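The data block below is entry-v3.cif; it holds mmCIF, C-alpha atoms.
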```cif
data_structure
#
loop_
_atom_site.group_PDB
_atom_site.id
_atom_site.type_symbol
_atom_site.label_atom_id
_atom_site.label_comp_id
_atom_site.auth_asym_id
_atom_site.auth_seq_id
_atom_site.Cartn_x
_atom_site.Cartn_y
_atom_site.Cartn_z
ATOM 1 C CA GLY A 9 -141.643 262.324 26.041
ATOM 2 C CA SER A 10 -139.023 259.592 26.542
ATOM 3 C CA LYS A 11 -138.089 257.440 23.553
ATOM 4 C CA SER A 12 -137.828 253.728 24.000
ATOM 5 C CA VAL A 13 -135.011 251.765 22.386
ATOM 6 C CA GLY A 14 -137.316 249.835 20.148
ATOM 7 C CA SER A 15 -139.129 252.866 18.809
ATOM 8 C CA PRO A 16 -138.294 254.199 15.319
ATOM 9 C CA ALA A 17 -137.606 257.619 16.758
ATOM 10 C CA PHE A 18 -134.625 256.230 18.673
ATOM 11 C CA PHE A 19 -132.796 255.358 15.459
ATOM 12 C CA ALA A 20 -133.781 258.533 13.670
ATOM 13 C CA PRO A 21 -131.139 261.160 12.980
ATOM 14 C CA ARG A 22 -130.769 263.826 15.620
ATOM 15 C CA PRO A 23 -131.443 267.482 14.949
ATOM 16 C CA GLY A 24 -127.780 268.384 15.099
ATOM 17 C CA GLY A 25 -126.998 265.975 12.299
ATOM 18 C CA GLY A 26 -125.526 263.360 14.714
ATOM 19 C CA HIS A 27 -126.372 259.692 14.894
ATOM 20 C CA TRP A 28 -126.419 257.191 17.763
ATOM 21 C CA MET A 29 -123.316 255.494 16.211
ATOM 22 C CA THR A 30 -121.179 258.625 16.371
ATOM 23 C CA TRP A 31 -119.713 257.645 19.768
ATOM 24 C CA ILE A 32 -117.770 254.808 18.129
ATOM 25 C CA ARG A 33 -115.556 257.268 16.197
ATOM 26 C CA PRO A 34 -114.344 255.043 13.322
ATOM 27 C CA ARG A 35 -111.143 257.022 12.748
ATOM 28 C CA ARG A 36 -109.873 256.525 16.307
ATOM 29 C CA LEU A 37 -110.754 252.825 16.202
ATOM 30 C CA LEU A 38 -108.920 252.408 12.910
ATOM 31 C CA SER A 39 -105.830 254.198 14.210
ATOM 32 C CA ARG A 40 -105.736 251.985 17.280
ATOM 33 C CA LEU A 41 -106.029 248.850 15.166
ATOM 34 C CA LEU A 42 -103.209 250.044 12.947
ATOM 35 C CA GLY A 43 -101.053 250.827 15.968
ATOM 36 C CA LEU A 44 -101.671 247.403 17.448
ATOM 37 C CA GLY A 45 -100.848 245.729 14.159
ATOM 38 C CA THR A 46 -97.618 247.722 13.858
ATOM 39 C CA THR A 47 -96.611 246.751 17.396
ATOM 40 C CA VAL A 48 -97.240 243.052 16.733
ATOM 41 C CA TRP A 49 -95.289 243.249 13.478
ATOM 42 C CA LEU A 50 -92.364 244.988 15.192
ATOM 43 C CA CYS A 51 -92.296 242.405 18.018
ATOM 44 C CA ARG A 52 -92.229 239.582 15.494
ATOM 45 C CA LYS A 53 -89.406 241.265 13.630
ATOM 46 C CA VAL A 54 -87.367 241.791 16.813
ATOM 47 C CA GLY A 55 -87.913 238.152 17.779
ATOM 48 C CA GLY A 56 -86.728 237.032 14.355
ATOM 49 C CA TRP A 57 -83.650 239.220 14.608
ATOM 50 C CA ALA A 58 -82.874 237.825 18.085
ATOM 51 C CA ARG A 59 -83.121 234.244 16.812
ATOM 52 C CA SER A 60 -80.867 235.096 13.874
ATOM 53 C CA PHE A 61 -78.250 236.704 16.118
ATOM 54 C CA GLY A 62 -78.425 233.709 18.479
ATOM 55 C CA ARG A 63 -77.786 231.291 15.641
ATOM 56 C CA LEU A 64 -74.949 233.456 14.374
ATOM 57 C CA GLY A 65 -73.374 233.581 17.852
ATOM 58 C CA ALA A 66 -73.627 229.822 18.241
ATOM 59 C CA LEU A 67 -71.997 229.359 14.848
ATOM 60 C CA VAL A 68 -69.141 231.714 15.764
ATOM 61 C CA LEU A 69 -68.563 229.937 19.085
ATOM 62 C CA ARG A 70 -68.525 226.609 17.296
ATOM 63 C CA PHE A 71 -65.760 227.821 15.008
ATOM 64 C CA VAL A 72 -63.842 229.389 17.912
ATOM 65 C CA HIS A 73 -63.894 226.228 19.997
ATOM 66 C CA ARG A 74 -63.115 224.051 17.036
ATOM 67 C CA GLY A 75 -59.442 224.875 17.464
ATOM 68 C CA ARG A 76 -59.525 223.626 21.100
ATOM 69 C CA PRO A 77 -60.767 220.055 20.926
ATOM 70 C CA VAL A 78 -62.020 218.471 24.114
ATOM 71 C CA ARG A 79 -59.473 216.089 25.534
ATOM 72 C CA ARG A 80 -60.822 212.637 26.148
ATOM 73 C CA VAL A 81 -59.395 210.363 28.791
ATOM 74 C CA PRO A 82 -57.543 207.542 27.013
ATOM 75 C CA ASP A 83 -58.095 203.916 27.827
ATOM 76 C CA TYR A 84 -55.369 202.640 30.146
ATOM 77 C CA GLY A 85 -56.827 199.172 30.446
ATOM 78 C CA HIS A 86 -53.784 197.568 28.845
ATOM 79 C CA LEU A 87 -51.616 199.068 31.595
ATOM 80 C CA LEU A 88 -53.934 198.042 34.435
ATOM 81 C CA LEU A 89 -54.451 194.384 33.581
ATOM 82 C CA ASP A 90 -52.826 193.364 36.861
ATOM 83 C CA SER A 91 -54.847 194.527 39.822
ATOM 84 C CA LEU A 92 -53.030 196.706 42.366
ATOM 85 C CA TYR A 93 -53.028 195.806 46.023
ATOM 86 C CA PRO A 94 -50.682 196.544 48.973
ATOM 87 C CA GLY A 95 -47.280 195.083 48.352
ATOM 88 C CA LYS A 96 -47.608 194.953 44.569
ATOM 89 C CA ARG A 97 -46.135 197.707 42.452
ATOM 90 C CA PRO A 98 -47.620 199.001 39.186
ATOM 91 C CA SER A 99 -46.124 197.897 35.922
ATOM 92 C CA PRO A 100 -43.123 199.800 34.511
ATOM 93 C CA GLU A 101 -45.238 200.937 31.561
ATOM 94 C CA ALA A 102 -47.813 202.421 33.913
ATOM 95 C CA VAL A 103 -45.136 204.216 35.956
ATOM 96 C CA LEU A 104 -43.569 205.664 32.810
ATOM 97 C CA ARG A 105 -46.910 206.858 31.468
ATOM 98 C CA ALA A 106 -47.788 208.410 34.841
ATOM 99 C CA ARG A 107 -44.563 210.400 34.840
ATOM 100 C CA GLU A 108 -45.256 211.602 31.310
ATOM 101 C CA LEU A 109 -48.707 212.801 32.364
ATOM 102 C CA ALA A 110 -47.238 214.576 35.396
ATOM 103 C CA GLU A 111 -44.762 216.360 33.152
ATOM 104 C CA GLN A 112 -47.560 217.372 30.790
ATOM 105 C CA SER A 113 -49.529 218.801 33.703
ATOM 106 C CA GLN A 114 -46.727 221.271 34.391
ATOM 107 C CA HIS A 115 -47.274 222.840 30.964
ATOM 108 C CA ALA A 116 -51.087 222.873 31.106
ATOM 109 C CA ASP A 117 -52.704 226.262 30.540
ATOM 110 C CA GLU A 118 -55.628 225.728 32.920
ATOM 111 C CA PRO A 119 -55.549 224.229 36.437
ATOM 112 C CA GLU A 120 -58.523 221.993 35.567
ATOM 113 C CA GLU A 121 -56.533 220.406 32.742
ATOM 114 C CA ALA A 122 -53.554 219.878 35.050
ATOM 115 C CA LEU A 123 -55.786 218.186 37.637
ATOM 116 C CA LYS A 124 -57.208 215.859 34.979
ATOM 117 C CA LEU A 125 -53.739 214.828 33.885
ATOM 118 C CA LEU A 126 -52.586 214.267 37.450
ATOM 119 C CA GLY A 127 -55.726 212.281 38.209
ATOM 120 C CA GLU A 128 -54.920 209.946 35.345
ATOM 121 C CA ALA A 129 -51.339 209.698 36.561
ATOM 122 C CA VAL A 130 -52.456 208.759 40.074
ATOM 123 C CA LEU A 131 -54.725 206.110 38.609
ATOM 124 C CA LEU A 132 -51.777 204.554 36.808
ATOM 125 C CA SER A 133 -49.261 204.772 39.650
ATOM 126 C CA PRO A 134 -50.961 205.212 43.051
ATOM 127 C CA PRO A 135 -47.839 204.633 45.202
ATOM 128 C CA ASP A 136 -45.925 207.547 43.656
ATOM 129 C CA PRO A 137 -45.782 210.391 46.237
ATOM 130 C CA THR A 138 -44.560 212.954 43.706
ATOM 131 C CA LEU A 139 -47.912 212.794 41.904
ATOM 132 C CA TYR A 140 -49.793 213.762 45.052
ATOM 133 C CA LEU A 141 -47.267 216.523 45.731
ATOM 134 C CA ALA A 142 -47.816 217.968 42.259
ATOM 135 C CA ARG A 143 -51.575 217.786 42.664
ATOM 136 C CA THR A 144 -51.561 219.465 46.075
ATOM 137 C CA GLN A 145 -49.606 222.347 44.580
ATOM 138 C CA VAL A 146 -52.265 222.794 41.904
ATOM 139 C CA HIS A 147 -54.986 222.704 44.549
ATOM 140 C CA ALA A 148 -53.113 225.304 46.584
ATOM 141 C CA ARG A 149 -52.936 227.657 43.593
ATOM 142 C CA ARG A 150 -56.706 227.377 43.258
ATOM 143 C CA ASP A 151 -57.227 227.963 47.019
ATOM 144 C CA HIS A 152 -58.762 224.497 47.427
ATOM 145 C CA LEU A 153 -57.176 224.052 50.824
ATOM 146 C CA VAL A 154 -58.968 220.907 51.951
ATOM 147 C CA GLU A 155 -58.068 219.053 48.750
ATOM 148 C CA ALA A 156 -54.497 220.339 49.006
ATOM 149 C CA LEU A 157 -54.249 219.056 52.574
ATOM 150 C CA ASP A 158 -55.621 215.646 51.602
ATOM 151 C CA ASP A 159 -53.053 215.168 48.837
ATOM 152 C CA ALA A 160 -50.246 216.461 51.052
ATOM 153 C CA GLU A 161 -51.145 213.928 53.731
ATOM 154 C CA LEU A 162 -51.122 211.159 51.133
ATOM 155 C CA CYS A 163 -47.712 212.352 49.939
ATOM 156 C CA VAL A 164 -46.057 212.265 53.366
ATOM 157 C CA SER A 165 -47.784 208.990 54.255
ATOM 158 C CA LEU A 166 -46.116 207.392 51.222
ATOM 159 C CA ASP A 167 -42.766 209.124 51.774
ATOM 160 C CA SER A 168 -42.137 210.527 55.250
ATOM 161 C CA ASN A 169 -38.798 211.966 54.102
ATOM 162 C CA CYS A 170 -40.390 214.253 51.508
ATOM 163 C CA ALA A 171 -39.669 217.715 52.889
ATOM 164 C CA ALA A 172 -41.690 219.368 50.122
ATOM 165 C CA GLY A 173 -44.692 217.293 51.138
ATOM 166 C CA TRP A 174 -44.409 218.382 54.770
ATOM 167 C CA LEU A 175 -44.053 221.985 53.613
ATOM 168 C CA ALA A 176 -47.204 221.768 51.494
ATOM 169 C CA LYS A 177 -49.048 220.091 54.351
ATOM 170 C CA GLY A 178 -48.021 222.816 56.801
ATOM 171 C CA LYS A 179 -49.044 225.590 54.433
ATOM 172 C CA ALA A 180 -52.469 224.069 53.923
ATOM 173 C CA GLU A 181 -52.967 223.623 57.662
ATOM 174 C CA HIS A 182 -51.819 227.161 58.362
ATOM 175 C CA ALA A 183 -54.214 228.549 55.758
ATOM 176 C CA LEU A 184 -57.038 226.575 57.363
ATOM 177 C CA GLY A 185 -56.301 228.155 60.744
ATOM 178 C CA ARG A 186 -54.564 225.119 62.252
ATOM 179 C CA ALA A 187 -51.340 226.799 63.333
ATOM 180 C CA ALA A 188 -50.386 224.116 65.861
ATOM 181 C CA ASP A 189 -50.698 221.352 63.269
ATOM 182 C CA ALA A 190 -48.758 223.436 60.776
ATOM 183 C CA ALA A 191 -45.890 223.817 63.268
ATOM 184 C CA LEU A 192 -45.781 220.043 63.764
ATOM 185 C CA SER A 193 -45.673 219.516 59.996
ATOM 186 C CA TYR A 194 -42.839 221.994 59.587
ATOM 187 C CA GLN A 195 -40.909 220.281 62.376
ATOM 188 C CA ALA A 196 -41.387 216.897 60.685
ATOM 189 C CA GLY A 197 -40.118 218.384 57.438
ATOM 190 C CA LEU A 198 -37.046 219.772 59.189
ATOM 191 C CA ARG A 199 -36.282 216.346 60.591
ATOM 192 C CA ALA A 200 -36.212 215.086 57.014
ATOM 193 C CA ASP A 201 -34.273 218.107 55.692
ATOM 194 C CA PRO A 202 -32.702 220.181 58.509
ATOM 195 C CA GLN A 203 -31.181 222.699 56.078
ATOM 196 C CA ASN A 204 -34.436 223.606 54.348
ATOM 197 C CA THR A 205 -34.619 227.385 54.644
ATOM 198 C CA GLU A 206 -38.276 227.668 53.642
ATOM 199 C CA LEU A 207 -39.334 225.200 56.331
ATOM 200 C CA GLN A 208 -37.324 227.150 58.874
ATOM 201 C CA ALA A 209 -38.917 230.433 57.798
ATOM 202 C CA GLN A 210 -42.447 229.020 57.894
ATOM 203 C CA LEU A 211 -41.893 227.501 61.331
ATOM 204 C CA ALA A 212 -40.535 230.795 62.658
ATOM 205 C CA ALA A 213 -43.537 232.645 61.210
ATOM 206 C CA VAL A 214 -45.987 230.265 62.877
ATOM 207 C CA ARG A 215 -44.215 230.510 66.221
ATOM 208 C CA GLY A 216 -44.121 234.298 65.958
ATOM 209 C CA GLU A 217 -47.883 234.601 65.707
ATOM 210 C CA PRO A 218 -49.748 235.811 68.812
ATOM 211 C CA PRO A 219 -51.265 233.077 70.973
ATOM 212 C CA PRO A 220 -54.960 232.338 70.499
ATOM 213 C CA ASN A 221 -57.511 234.141 72.587
ATOM 214 C CA LEU A 222 -58.065 232.025 75.708
ATOM 215 C CA LEU A 223 -61.402 233.648 76.450
ATOM 216 C CA ARG A 224 -62.643 232.763 72.994
ATOM 217 C CA GLN A 225 -61.484 229.176 73.392
ATOM 218 C CA LEU A 226 -63.209 228.956 76.768
ATOM 219 C CA ARG A 227 -66.398 230.343 75.286
ATOM 220 C CA ASP A 228 -66.254 227.787 72.463
ATOM 221 C CA LEU A 229 -65.781 224.969 74.959
ATOM 222 C CA ILE A 230 -68.731 226.126 77.068
ATOM 223 C CA PHE A 231 -70.885 226.455 73.970
ATOM 224 C CA ALA A 232 -69.906 222.959 72.804
ATOM 225 C CA ALA A 233 -70.687 221.540 76.242
ATOM 226 C CA ARG A 234 -74.117 223.167 76.226
ATOM 227 C CA LEU A 235 -74.833 221.677 72.833
ATOM 228 C CA GLY A 236 -73.907 218.207 74.021
ATOM 229 C CA LEU A 237 -71.841 217.365 70.965
ATOM 230 C CA GLU A 238 -70.870 213.925 72.264
ATOM 231 C CA ASN A 239 -74.498 212.886 72.536
ATOM 232 C CA LEU A 240 -75.150 214.487 69.175
ATOM 233 C CA PHE A 241 -72.427 212.427 67.502
ATOM 234 C CA ARG A 242 -73.709 209.238 69.119
ATOM 235 C CA THR A 243 -77.186 209.984 67.868
ATOM 236 C CA VAL A 244 -76.010 210.725 64.347
ATOM 237 C CA GLU A 245 -73.994 207.518 64.218
ATOM 238 C CA ASP A 246 -77.113 205.493 65.015
ATOM 239 C CA PRO A 247 -79.390 205.485 61.923
ATOM 240 C CA GLU A 248 -82.426 204.445 63.960
ATOM 241 C CA LYS A 249 -82.236 207.573 66.112
ATOM 242 C CA THR A 250 -81.957 210.059 63.278
ATOM 243 C CA THR A 251 -85.684 210.393 62.768
ATOM 244 C CA ASP A 252 -87.520 213.294 61.166
ATOM 245 C CA ALA A 253 -88.521 214.586 64.575
ATOM 246 C CA PHE A 254 -84.873 214.620 65.740
ATOM 247 C CA VAL A 255 -83.718 216.434 62.604
#
```

Could you rewrite the structure in this file as structure tokens?
Amino acid sequence: GSKSVGSPAFFAPRPGGGHWMTWIRPRRLLSRLLGLGTTVWLCRKVGGWARSFGRLGALVLRFVHRGRPVRRVPDYGHLLLDSLYPGKRPSPEAVLRARELAEQSQHADEPEEALKLLGEAVLLSPPDPTLYLARTQVHARRDHLVEALDDAELCVSLDSNCAAGWLAKGKAEHALGRAADAALSYQAGLRADPQNTELQAQLAAVRGEPPPNLLRQLRDLIFAARLGLENLFRTVEDPEKTTDAFV
């Protein structure tokens, strides 16, 4: 008949020599435990090696960068004791130091370092147009066209006879797709220096470009009219109208 679990016959050895605990298979269980322990040990070892290599790499980088100390901006407070305002020029010491920084920027290895030096120079001598001209050239080499155009406009606003400033301004405008503005800048530069061959060549290149697509311009105008950009600008200028629902 059937044997209940609580009966002694259930725990008795079976005729074939087996036992009810044989399904556990101690050897397989032991091998799995050993495999799991080996895996955990190997993962801990790999993690320790990774931490060691990370520390070694950080130590090597520290020694590599030790030869290139970070340049700190010096304190120019003693040169800026007199506040600058329109009509008042910077001190001769500040002008001299600004020119030294501009000369150092020409020998800088990285454009970021040159921009830092020129930024300090502009801080010391804001009315100097040559500083803005040097900085716009650095921006142009980095393809930062908007920044290059801003500095070029500052240069020609301080010195309208700076042909190099008009040339840099025209190049930035041309690269930004503003061919008409670039032509006007080149013409202004030629009024300051009529014999400038590069200005003449750039102006001829701009004039030789094909005219813009009139259909595309008309489509842009129709699209802008449908958007109602004038009303949009009026709404944006009024803080009370720029609600969450409008946005």

Inset, instruction - For atom CA of Val146 of chain A and atom CA of Glu120 of chain A, quote the distance in Å rounded to one decimal. - result: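 Taking atom CA of Val146 of chain A as the start and atom CA of Glu120 of chain A as the end point, the length is 8.9 Å.
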
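The two atoms in question, atom CA of Leu109 of chain A and atom CA of Ala129 of chain A, are spaced 5.8 Å apart.
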
Inset, instruction - Compare A:Leu132, A:Leu211, A:Ala171, A:Ala180 by their minimum atom-to-atom distance to His152 of chain A, counting all atoms listed in the file, and give me the closest one. - result: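 Ranked by minimum distance to His152 of chain A, first place goes to A:Ala180.
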
Written as an mmCIF file with C-alpha atoms, in the frame of the given file, what is the full residue list that the PyMOL selection byres ((chain A and resi 179) around 12) yields on the file shown?
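Here's the written file out-v6.cif:
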```
data_model
loop_
_atom_site.group_PDB
_atom_site.id
_atom_site.type_symbol
_atom_site.label_atom_id
_atom_site.label_comp_id
_atom_site.auth_asym_id
_atom_site.auth_seq_id
_atom_site.Cartn_x
_atom_site.Cartn_y
_atom_site.Cartn_z
ATOM 1 C CA THR A 144 -51.561 219.465 46.075
ATOM 2 C CA GLN A 145 -49.606 222.347 44.580
ATOM 3 C CA HIS A 147 -54.986 222.704 44.549
ATOM 4 C CA ALA A 148 -53.113 225.304 46.584
ATOM 5 C CA ARG A 149 -52.936 227.657 43.593
ATOM 6 C CA ASP A 151 -57.227 227.963 47.019
ATOM 7 C CA LEU A 153 -57.176 224.052 50.824
ATOM 8 C CA VAL A 154 -58.968 220.907 51.951
ATOM 9 C CA ALA A 156 -54.497 220.339 49.006
ATOM 10 C CA LEU A 157 -54.249 219.056 52.574
ATOM 11 C CA ALA A 160 -50.246 216.461 51.052
ATOM 12 C CA GLU A 161 -51.145 213.928 53.731
ATOM 13 C CA ALA A 172 -41.690 219.368 50.122
ATOM 14 C CA GLY A 173 -44.692 217.293 51.138
ATOM 15 C CA TRP A 174 -44.409 218.382 54.770
ATOM 16 C CA LEU A 175 -44.053 221.985 53.613
ATOM 17 C CA ALA A 176 -47.204 221.768 51.494
ATOM 18 C CA LYS A 177 -49.048 220.091 54.351
ATOM 19 C CA GLY A 178 -48.021 222.816 56.801
ATOM 20 C CA ALA A 180 -52.469 224.069 53.923
ATOM 21 C CA GLU A 181 -52.967 223.623 57.662
ATOM 22 C CA HIS A 182 -51.819 227.161 58.362
ATOM 23 C CA ALA A 183 -54.214 228.549 55.758
ATOM 24 C CA LEU A 184 -57.038 226.575 57.363
ATOM 25 C CA GLY A 185 -56.301 228.155 60.744
ATOM 26 C CA ARG A 186 -54.564 225.119 62.252
ATOM 27 C CA ALA A 187 -51.340 226.799 63.333
ATOM 28 C CA ALA A 188 -50.386 224.116 65.861
ATOM 29 C CA ASP A 189 -50.698 221.352 63.269
ATOM 30 C CA ALA A 190 -48.758 223.436 60.776
ATOM 31 C CA ALA A 191 -45.890 223.817 63.268
ATOM 32 C CA LEU A 192 -45.781 220.043 63.764
ATOM 33 C CA SER A 193 -45.673 219.516 59.996
ATOM 34 C CA TYR A 194 -42.839 221.994 59.587
ATOM 35 C CA GLY A 197 -40.118 218.384 57.438
ATOM 36 C CA GLU A 206 -38.276 227.668 53.642
ATOM 37 C CA LEU A 207 -39.334 225.200 56.331
ATOM 38 C CA ALA A 209 -38.917 230.433 57.798
ATOM 39 C CA GLN A 210 -42.447 229.020 57.894
ATOM 40 C CA LEU A 211 -41.893 227.501 61.331
ATOM 41 C CA ALA A 213 -43.537 232.645 61.210
ATOM 42 C CA VAL A 214 -45.987 230.265 62.877
#
```

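For the pair atom CA of Pro135 of chain A and atom CA of Arg150 of chain A, the interatomic distance is 24.5 Å.
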
Legend entry - Test item: residues at most 12 Å from Glu121 of chain A, only C-alpha atoms, excluding those fewer than 2 positions along its chain, as an MDAnalysis selection string: chainID A and resid 78:81 109:110 112:119 123:128 143 146
